[in-house]
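Trainee: What follows is work_26.txt, compact mmCIF, C-alpha atoms.
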```txt
# COMPACT_ATOMS: atom_id res chain seq x y z
CA SER A 143 -28.96 -27.18 -29.00
CA LYS A 144 -25.24 -26.60 -29.63
CA THR A 145 -26.02 -23.35 -31.43
CA GLN A 146 -28.31 -22.29 -28.59
CA GLY A 147 -25.54 -23.04 -26.10
CA ALA A 148 -23.01 -20.97 -28.00
CA TRP A 149 -25.50 -18.11 -28.30
CA GLY A 150 -26.30 -18.26 -24.59
CA GLU A 151 -22.59 -18.17 -23.73
CA PHE A 152 -22.18 -15.17 -26.05
CA ILE A 153 -24.97 -13.28 -24.30
CA LEU A 154 -23.53 -14.18 -20.90
CA GLU A 155 -20.03 -13.04 -21.84
CA SER A 156 -21.39 -9.78 -23.27
CA ILE A 157 -23.12 -9.03 -19.96
CA LEU A 158 -19.96 -9.88 -18.02
CA GLN A 159 -17.86 -7.58 -20.19
CA LYS A 160 -20.19 -4.68 -19.40
CA SER A 161 -20.47 -5.49 -15.70
CA GLY A 162 -17.25 -3.77 -14.66
CA LEU A 163 -15.71 -7.03 -13.46
CA GLU A 164 -12.34 -7.94 -14.96
CA ARG A 165 -11.84 -11.20 -16.82
CA ASP A 166 -9.19 -13.54 -15.38
CA ARG A 167 -9.25 -11.54 -12.16
CA GLU A 168 -12.83 -11.44 -10.85
CA TYR A 169 -14.27 -13.96 -13.32
CA PHE A 170 -12.98 -16.82 -15.45
CA ILE A 171 -14.60 -18.24 -18.59
CA GLN A 172 -14.63 -22.03 -19.12
CA GLU A 173 -11.78 -22.66 -16.71
CA SER A 174 -11.38 -26.43 -16.46
CA PHE A 175 -10.34 -28.46 -13.45
CA THR A 176 -10.03 -32.16 -12.73
CA THR A 177 -11.22 -34.02 -9.64
CA ALA A 178 -11.55 -37.63 -8.59
CA GLU A 179 -15.01 -37.62 -10.19
CA GLY A 180 -13.81 -36.33 -13.59
CA ARG A 181 -13.07 -33.18 -15.52
CA PHE A 182 -15.27 -30.09 -15.12
CA ARG A 183 -15.48 -26.88 -17.13
CA PRO A 184 -18.22 -24.49 -15.97
CA ASP A 185 -19.17 -21.64 -18.29
CA VAL A 186 -18.13 -18.95 -15.79
CA ILE A 187 -16.56 -18.93 -12.33
CA ILE A 188 -16.91 -15.63 -10.48
CA ARG A 189 -14.52 -15.05 -7.61
CA LEU A 190 -15.64 -13.37 -4.42
CA PRO A 191 -13.54 -12.10 -1.50
CA GLU A 192 -12.42 -14.59 1.15
CA ASN A 193 -11.84 -17.27 -1.49
CA ARG A 194 -15.51 -17.80 -2.26
CA HIS A 195 -16.98 -18.51 -5.70
CA VAL A 196 -20.15 -18.40 -7.76
CA ILE A 197 -20.66 -20.50 -10.90
CA ILE A 198 -22.80 -19.36 -13.84
CA ASP A 199 -24.09 -21.95 -16.30
CA SER A 200 -25.86 -20.98 -19.52
CA LYS A 201 -26.32 -24.32 -21.30
CA VAL A 202 -30.06 -24.71 -20.70
CA SER A 203 -31.91 -25.86 -23.85
CA LEU A 204 -34.63 -23.54 -25.16
CA THR A 205 -35.82 -25.76 -28.04
CA ALA A 206 -39.16 -26.45 -26.36
CA TYR A 207 -39.63 -22.76 -25.67
CA ASN A 208 -38.99 -21.99 -29.33
CA THR A 209 -41.65 -24.56 -30.23
CA PHE A 210 -44.02 -22.91 -27.75
CA VAL A 211 -43.53 -19.50 -29.33
CA ASN A 212 -44.16 -20.82 -32.84
CA ALA A 213 -47.04 -23.17 -31.94
CA SER A 214 -50.23 -22.56 -33.87
CA SER A 215 -52.67 -24.18 -31.44
CA ASP A 216 -53.30 -24.29 -27.70
CA GLU A 217 -52.62 -28.04 -27.69
CA GLU A 218 -49.20 -27.53 -29.26
CA LYS A 219 -48.45 -24.73 -26.82
CA ALA A 220 -49.41 -26.94 -23.85
CA VAL A 221 -47.15 -29.75 -25.00
CA ALA A 222 -44.29 -27.36 -25.73
CA LEU A 223 -44.72 -25.61 -22.36
CA LYS A 224 -44.52 -28.95 -20.57
CA GLY A 225 -41.37 -29.74 -22.55
CA HIS A 226 -39.92 -26.35 -21.59
CA LEU A 227 -40.37 -27.08 -17.89
CA VAL A 228 -38.99 -30.60 -18.30
CA SER A 229 -35.92 -29.20 -20.07
CA ILE A 230 -35.25 -26.73 -17.26
CA ARG A 231 -35.70 -29.38 -14.58
CA GLN A 232 -33.37 -31.79 -16.42
CA HIS A 233 -30.68 -29.16 -16.63
CA MET A 234 -31.22 -28.28 -13.00
CA ARG A 235 -30.73 -31.94 -12.02
CA SER A 236 -27.66 -32.13 -14.25
CA LEU A 237 -26.11 -29.16 -12.44
CA GLY A 238 -26.96 -30.69 -9.09
CA ASP A 239 -25.35 -34.01 -10.09
CA LYS A 240 -22.10 -32.23 -10.95
CA ASN A 241 -21.90 -31.21 -7.29
CA TYR A 242 -19.72 -28.19 -7.94
CA GLN A 243 -19.87 -27.31 -4.25
CA LYS A 244 -17.82 -30.41 -3.51
CA ASN A 245 -15.82 -30.88 -6.70
CA ILE A 246 -14.41 -27.38 -7.11
CA SER A 247 -12.99 -27.77 -3.59
CA ALA A 248 -14.53 -27.56 -0.19
CA ASP A 249 -11.99 -24.90 0.75
CA ASN A 250 -13.20 -22.57 -2.02
CA GLY A 251 -16.53 -21.97 -0.34
CA LEU A 252 -18.79 -22.17 -3.42
CA ASP A 253 -21.87 -20.12 -2.58
CA PHE A 254 -24.35 -21.17 -5.25
CA ILE A 255 -24.82 -21.87 -8.96
CA ILE A 256 -26.52 -19.35 -11.22
CA MET A 257 -28.52 -21.02 -14.00
CA PHE A 258 -28.65 -18.37 -16.70
CA ILE A 259 -31.66 -18.34 -19.06
CA PRO A 260 -30.67 -15.90 -21.84
CA ILE A 261 -34.22 -15.22 -23.10
CA GLU A 262 -36.26 -13.11 -20.68
CA PRO A 263 -39.73 -14.40 -21.75
CA ALA A 264 -38.53 -18.02 -21.47
CA TYR A 265 -37.50 -17.34 -17.86
CA ILE A 266 -40.76 -15.56 -17.02
CA LEU A 267 -42.87 -18.29 -18.64
CA ALA A 268 -41.22 -21.05 -16.61
CA ILE A 269 -41.41 -19.20 -13.28
CA GLN A 270 -45.01 -18.06 -13.74
CA THR A 271 -46.21 -21.47 -14.92
CA GLU A 272 -44.49 -23.57 -12.25
CA LYS A 273 -44.61 -21.63 -8.99
CA GLY A 274 -42.50 -24.16 -7.08
CA LEU A 275 -39.72 -24.30 -9.65
CA TYR A 276 -37.67 -21.57 -8.02
CA GLU A 277 -37.85 -23.25 -4.60
CA GLU A 278 -36.82 -26.59 -6.12
CA ALA A 279 -33.73 -24.94 -7.51
CA LEU A 280 -32.85 -23.20 -4.25
CA GLU A 281 -32.88 -26.54 -2.43
CA LYS A 282 -30.04 -27.56 -4.76
CA ARG A 283 -28.34 -24.16 -4.24
CA ILE A 284 -29.24 -23.17 -7.80
CA VAL A 285 -30.70 -19.78 -8.73
CA PHE A 286 -32.49 -19.09 -12.02
CA VAL A 287 -31.73 -15.70 -13.55
CA SER A 288 -32.57 -13.88 -16.75
CA PRO A 289 -30.43 -11.08 -18.27
CA THR A 290 -32.49 -8.51 -16.36
CA LEU A 291 -31.74 -10.23 -13.04
CA LEU A 292 -28.12 -11.11 -13.83
CA ILE A 293 -27.05 -7.50 -14.49
CA PRO A 294 -27.88 -6.15 -10.96
CA SER A 295 -26.45 -9.35 -9.42
CA LEU A 296 -23.13 -8.68 -11.14
CA GLN A 297 -23.28 -5.05 -10.02
CA LEU A 298 -23.63 -6.22 -6.43
CA ILE A 299 -20.56 -8.44 -6.87
CA LYS A 300 -18.69 -5.53 -8.43
CA ASN A 301 -19.54 -3.38 -5.39
CA VAL A 302 -18.36 -6.15 -3.08
CA TRP A 303 -14.99 -6.19 -4.89
CA LYS A 304 -14.83 -2.39 -4.86
CA GLN A 305 -15.24 -2.40 -1.09
CA GLU A 306 -12.70 -5.21 -0.78
CA TYR A 307 -10.09 -3.30 -2.81
CA GLN A 308 -10.74 -0.16 -0.75
CA ASN A 309 -10.25 -2.14 2.46
CA ARG A 310 -7.02 -3.61 1.09
CA HIS A 311 -5.88 -0.09 0.15
CA VAL A 312 -6.64 1.18 3.65
CA MET A 313 -4.77 -1.76 5.17
CA ASP A 314 -1.82 -1.12 2.86
CA ILE A 315 -1.74 2.54 3.93
CA ALA A 316 -2.00 1.51 7.58
CA ASN A 317 0.86 -0.98 7.21
CA LYS A 318 3.08 1.56 5.44
CA ALA A 319 2.20 4.23 8.00
CA GLY A 320 3.08 1.79 10.77
CA ASP A 321 6.42 1.02 9.14
CA LEU A 322 7.12 4.75 8.74
CA TYR A 323 6.22 5.40 12.38
CA ASP A 324 8.52 2.60 13.56
CA LYS A 325 11.38 3.98 11.46
CA PHE A 326 10.75 7.47 12.85
CA VAL A 327 10.86 6.13 16.41
CA GLY A 328 14.11 4.33 15.59
CA PHE A 329 15.54 7.56 14.14
CA THR A 330 14.63 9.56 17.28
CA GLU A 331 16.21 6.87 19.45
CA ASP A 332 19.40 7.11 17.39
CA LEU A 333 19.42 10.91 17.81
CA ILE A 334 18.99 10.58 21.57
CA LYS A 335 21.89 8.11 21.71
CA LEU A 336 23.98 10.44 19.56
CA GLY A 337 23.22 13.34 21.91
CA GLN A 338 24.18 11.22 24.90
CA MET A 339 27.43 10.24 23.20
CA MET A 340 28.13 13.88 22.36
CA ASP A 341 27.52 14.87 25.99
CA SER A 342 29.84 12.09 27.13
CA SER A 343 32.46 13.11 24.55
CA LYS A 344 32.24 16.77 25.65
CA LYS A 345 32.68 15.78 29.27
CA TYR A 346 35.65 13.60 28.38
CA TYR A 347 37.07 16.45 26.29
CA GLU A 348 36.71 18.91 29.17
CA GLU A 349 38.42 16.54 31.60
CA SER A 350 41.25 15.98 29.16
CA MET A 351 41.73 19.73 28.60
CA LYS A 352 41.83 20.28 32.33
CA LYS A 353 44.60 17.73 32.66
CA LEU A 354 46.36 19.41 29.77
CA SER A 355 46.30 22.99 31.03
CA ILE A 356 45.23 23.14 34.70
CA GLY A 357 47.49 22.69 37.72
CA SER A 358 51.07 23.54 38.57
CA GLY A 359 52.42 20.55 36.67
CA ASN A 360 50.10 20.72 33.70
CA LEU A 361 51.35 19.34 30.41
CA VAL A 362 51.14 22.62 28.48
CA ARG A 363 53.45 24.41 30.88
CA ARG A 364 55.90 21.51 31.10
CA VAL A 365 56.10 21.13 27.31
CA GLU A 366 56.55 24.89 26.84
CA GLU A 367 59.43 24.81 29.34
CA LEU A 368 61.19 22.28 27.10
CA LYS A 369 61.06 24.81 24.27
CA LYS A 370 62.43 27.48 26.55
CA LEU A 371 65.31 25.16 27.45
CA GLY A 372 66.27 24.97 23.79
CA ALA A 373 64.11 22.26 22.22
CA LYS A 374 64.02 22.86 18.49
CA ALA A 375 60.41 23.09 17.23
CA SER A 376 58.77 24.57 14.16
CA LYS A 377 55.38 25.12 15.75
CA SER A 378 54.08 26.98 18.81
CA ILE A 379 51.37 26.17 21.35
CA ASP A 380 48.23 28.28 21.06
CA SER A 381 48.72 31.51 22.97
CA LYS A 382 45.36 31.31 24.74
CA LEU A 383 46.16 27.82 25.92
CA LEU A 384 49.53 29.00 27.21
CA SER A 385 47.96 31.95 28.98
CA ARG A 386 45.40 29.80 30.72
CA SER A 387 47.99 27.25 31.77
CA GLU A 388 50.06 29.99 33.33
CA ASP A 389 47.06 31.59 35.05
CA GLN A 390 45.92 28.20 36.46
CA ALA A 391 42.45 29.05 35.08
CA ASP A 392 39.76 26.62 34.05
CA LEU A 393 39.78 26.45 30.26
CA PHE A 394 35.96 26.44 30.23
CA GLY A 395 35.50 29.09 32.90
```
Kindly present the structure from the file in structure tokens form.

Mentor:
Amino acid sequence: SKTQGAWGEFILESILQKSGLERDREYFIQESFTTAEGRFRPDVIIRLPENRHVIIDSKVSLTAYNTFVNASSDEEKAVALKGHLVSIRQHMRSLGDKNYQKNISADNGLDFIIMFIPIEPAYILAIQTEKGLYEEALEKRIVFVSPTLLIPSLQLIKNVWKQEYQNRHVMDIANKAGDLYDKFVGFTEDLIKLGQMMDSSKKYYEESMKKLSIGSGNLVRRVEELKKLGAKASKSIDSKLLSRSEDQADLFG
């Protein structure tokens, strides 16, 4: 049974590796956790968006099925077949008793448990022989799968993650575009304020120049008269400014 379990886990991990899902990101192998009811270590936990999970368990015993395959008489096959169904039901009850839906955490939103049967004929034999077996499992939120069924199930999960990552990418672009737009608006507001300040500065400059050079007692003329009276200076006032002060003209006319 231990060898069967290890082989089943090997098959399961091989399928997961080829599924396109990434280990330790979308799925985790034998990740243990402790609750008030004890320590648990499912074979595989598959993460889904919105903090939901799916557990895959592959520890079902196939000893009775092996006996069925190698039986030499119909009587032996009948006994082995009955044992095969009993083995599956026992494992199903064992999974139900672990109550992963509660013990992993109610907040994690565990969807269901996948009971992986690594041998396709063993799965088909059980389902075809006991028609109500599948419904019994569903009542406990357990789904039986074979390798053929597990592969498309994992592809669906992969597509769910692909869509989720695309949505996150779109949201990231939208957030960055929103930040860029806000910065652009802030930049245009700063330019408008700068223009208003420049207009105000120009107006203030014009008023100051008028006081400097316009009117009979303007400062340019009065200062130039000091030079004419003998003030010693090494520089001269701009000739255009002097001309306008003498003409009483508006400097910006």

Trainee: Which value, in Å to one decimal, gives the distance between CA of Ile197 (chain A) and CA of Leu267 (chain A)?

Mentor: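 Distance reported for this atom pair: 23.6 Å.
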
Trainee: Please provide as an NGL selection string all residues within 12 Å of Arg167 (chain A), with the sequence filter that same-chain residues fewer than 6 positions apart are discarded (counting all atoms listed in the file).

Mentor: :A and (187-191 or 300 or 303)

Trainee: So which residues fall inside 12 Å of (56.3, 20.9, 26.8) if we count all atoms listed in the file? Mind giving them as a VMD selection string?

Mentor: chain A and resid 354 to 355 359 to 375 377 to 379 384 387

Trainee: Out of A:Ser203, A:Ala268, A:Ile198, A:Arg183, which residue has the shortest atom-to-atom distance to Ser295 (chain A) when counting only C-alpha atoms?

Mentor: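 Answer, going by the shortest atom-to-atom distance: A:Ile198.
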
Trainee: Using all atoms listed in the file, collect all residues at a distance of at most 12 Å from (-30.1, -12.8, -10.0) as written in the file, then present them as a ChimeraX atom specification.

Mentor: /A:196,198,254-259,265,276,284-299

Trainee: With C-alpha atoms retained, write the just-selected residues as a PDB file, in the frame of the given file.

Mentor:
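See again-v7.pdb below for the written result:
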```
ATOM      1  CA  VAL A 196     -20.150 -18.400  -7.760  1.00  0.00           C
ATOM      2  CA  ILE A 198     -22.800 -19.360 -13.840  1.00  0.00           C
ATOM      3  CA  PHE A 254     -24.350 -21.170  -5.250  1.00  0.00           C
ATOM      4  CA  ILE A 255     -24.820 -21.870  -8.960  1.00  0.00           C
ATOM      5  CA  ILE A 256     -26.520 -19.350 -11.220  1.00  0.00           C
ATOM      6  CA  MET A 257     -28.520 -21.020 -14.000  1.00  0.00           C
ATOM      7  CA  PHE A 258     -28.650 -18.370 -16.700  1.00  0.00           C
ATOM      8  CA  ILE A 259     -31.660 -18.340 -19.060  1.00  0.00           C
ATOM      9  CA  TYR A 265     -37.500 -17.340 -17.860  1.00  0.00           C
ATOM     10  CA  TYR A 276     -37.670 -21.570  -8.020  1.00  0.00           C
ATOM     11  CA  ILE A 284     -29.240 -23.170  -7.800  1.00  0.00           C
ATOM     12  CA  VAL A 285     -30.700 -19.780  -8.730  1.00  0.00           C
ATOM     13  CA  PHE A 286     -32.490 -19.090 -12.020  1.00  0.00           C
ATOM     14  CA  VAL A 287     -31.730 -15.700 -13.550  1.00  0.00           C
ATOM     15  CA  SER A 288     -32.570 -13.880 -16.750  1.00  0.00           C
ATOM     16  CA  PRO A 289     -30.430 -11.080 -18.270  1.00  0.00           C
ATOM     17  CA  THR A 290     -32.490  -8.510 -16.360  1.00  0.00           C
ATOM     18  CA  LEU A 291     -31.740 -10.230 -13.040  1.00  0.00           C
ATOM     19  CA  LEU A 292     -28.120 -11.110 -13.830  1.00  0.00           C
ATOM     20  CA  ILE A 293     -27.050  -7.500 -14.490  1.00  0.00           C
ATOM     21  CA  PRO A 294     -27.880  -6.150 -10.960  1.00  0.00           C
ATOM     22  CA  SER A 295     -26.450  -9.350  -9.420  1.00  0.00           C
ATOM     23  CA  LEU A 296     -23.130  -8.680 -11.140  1.00  0.00           C
ATOM     24  CA  GLN A 297     -23.280  -5.050 -10.020  1.00  0.00           C
ATOM     25  CA  LEU A 298     -23.630  -6.220  -6.430  1.00  0.00           C
ATOM     26  CA  ILE A 299     -20.560  -8.440  -6.870  1.00  0.00           C
TER      27      ILE A 299
END
```

Trainee: CA of Ile157 (chain A) and CA of Val202 (chain A) are how many Å apart?

Mentor: 17.2 Å

Trainee: Pick out the closest residue to Asp239 (chain A) from this set: A:Phe182, A:Thr205, A:Ile334, A:Gly320. Count all atoms listed in the file.

Mentor: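 Under the stated criterion, the closest residue is A:Phe182.
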
Trainee: Considering only C-alpha atoms, state which residue in the set A:Gly238, A:Gly328, A:Gly147, A:Pro184 is at the smallest distance from Gln172 (chain A).

Mentor: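 When distances to Gln172 (chain A) are compared using only C-alpha atoms, the smallest one comes from A:Pro184.
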
Trainee: In Å, with one decimal, what is the gap from CA of Tyr307 (chain A) to CA of Ile171 (chain A)?

Mentor: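 Atom-to-atom, CA of Tyr307 (chain A) and CA of Ile171 (chain A) are spaced 22.2 Å apart.
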
Trainee: Padding of 8 Å on every side, edges along x, y and z, all listed atoms of region 318-329 of chain A included: what centre and edge lengths in Å, to one decimal, does that box have, as JSON?

Mentor:
```
{"center_x": 8.9, "center_y": 4.3, "center_z": 10.9, "size_x": 29.3, "size_y": 22.5, "size_z": 27.0}
```

Trainee: Go through A:Leu204, A:Leu275, A:Met313, A:Ile261 one by one, measure the shortest atom-to-atom distance of each to Ile153 (chain A) using all atoms listed in the file, and give the residue with the smallest value.

Mentor: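 Counting all atoms listed in the file, the residue closest to Ile153 (chain A) is A:Ile261.
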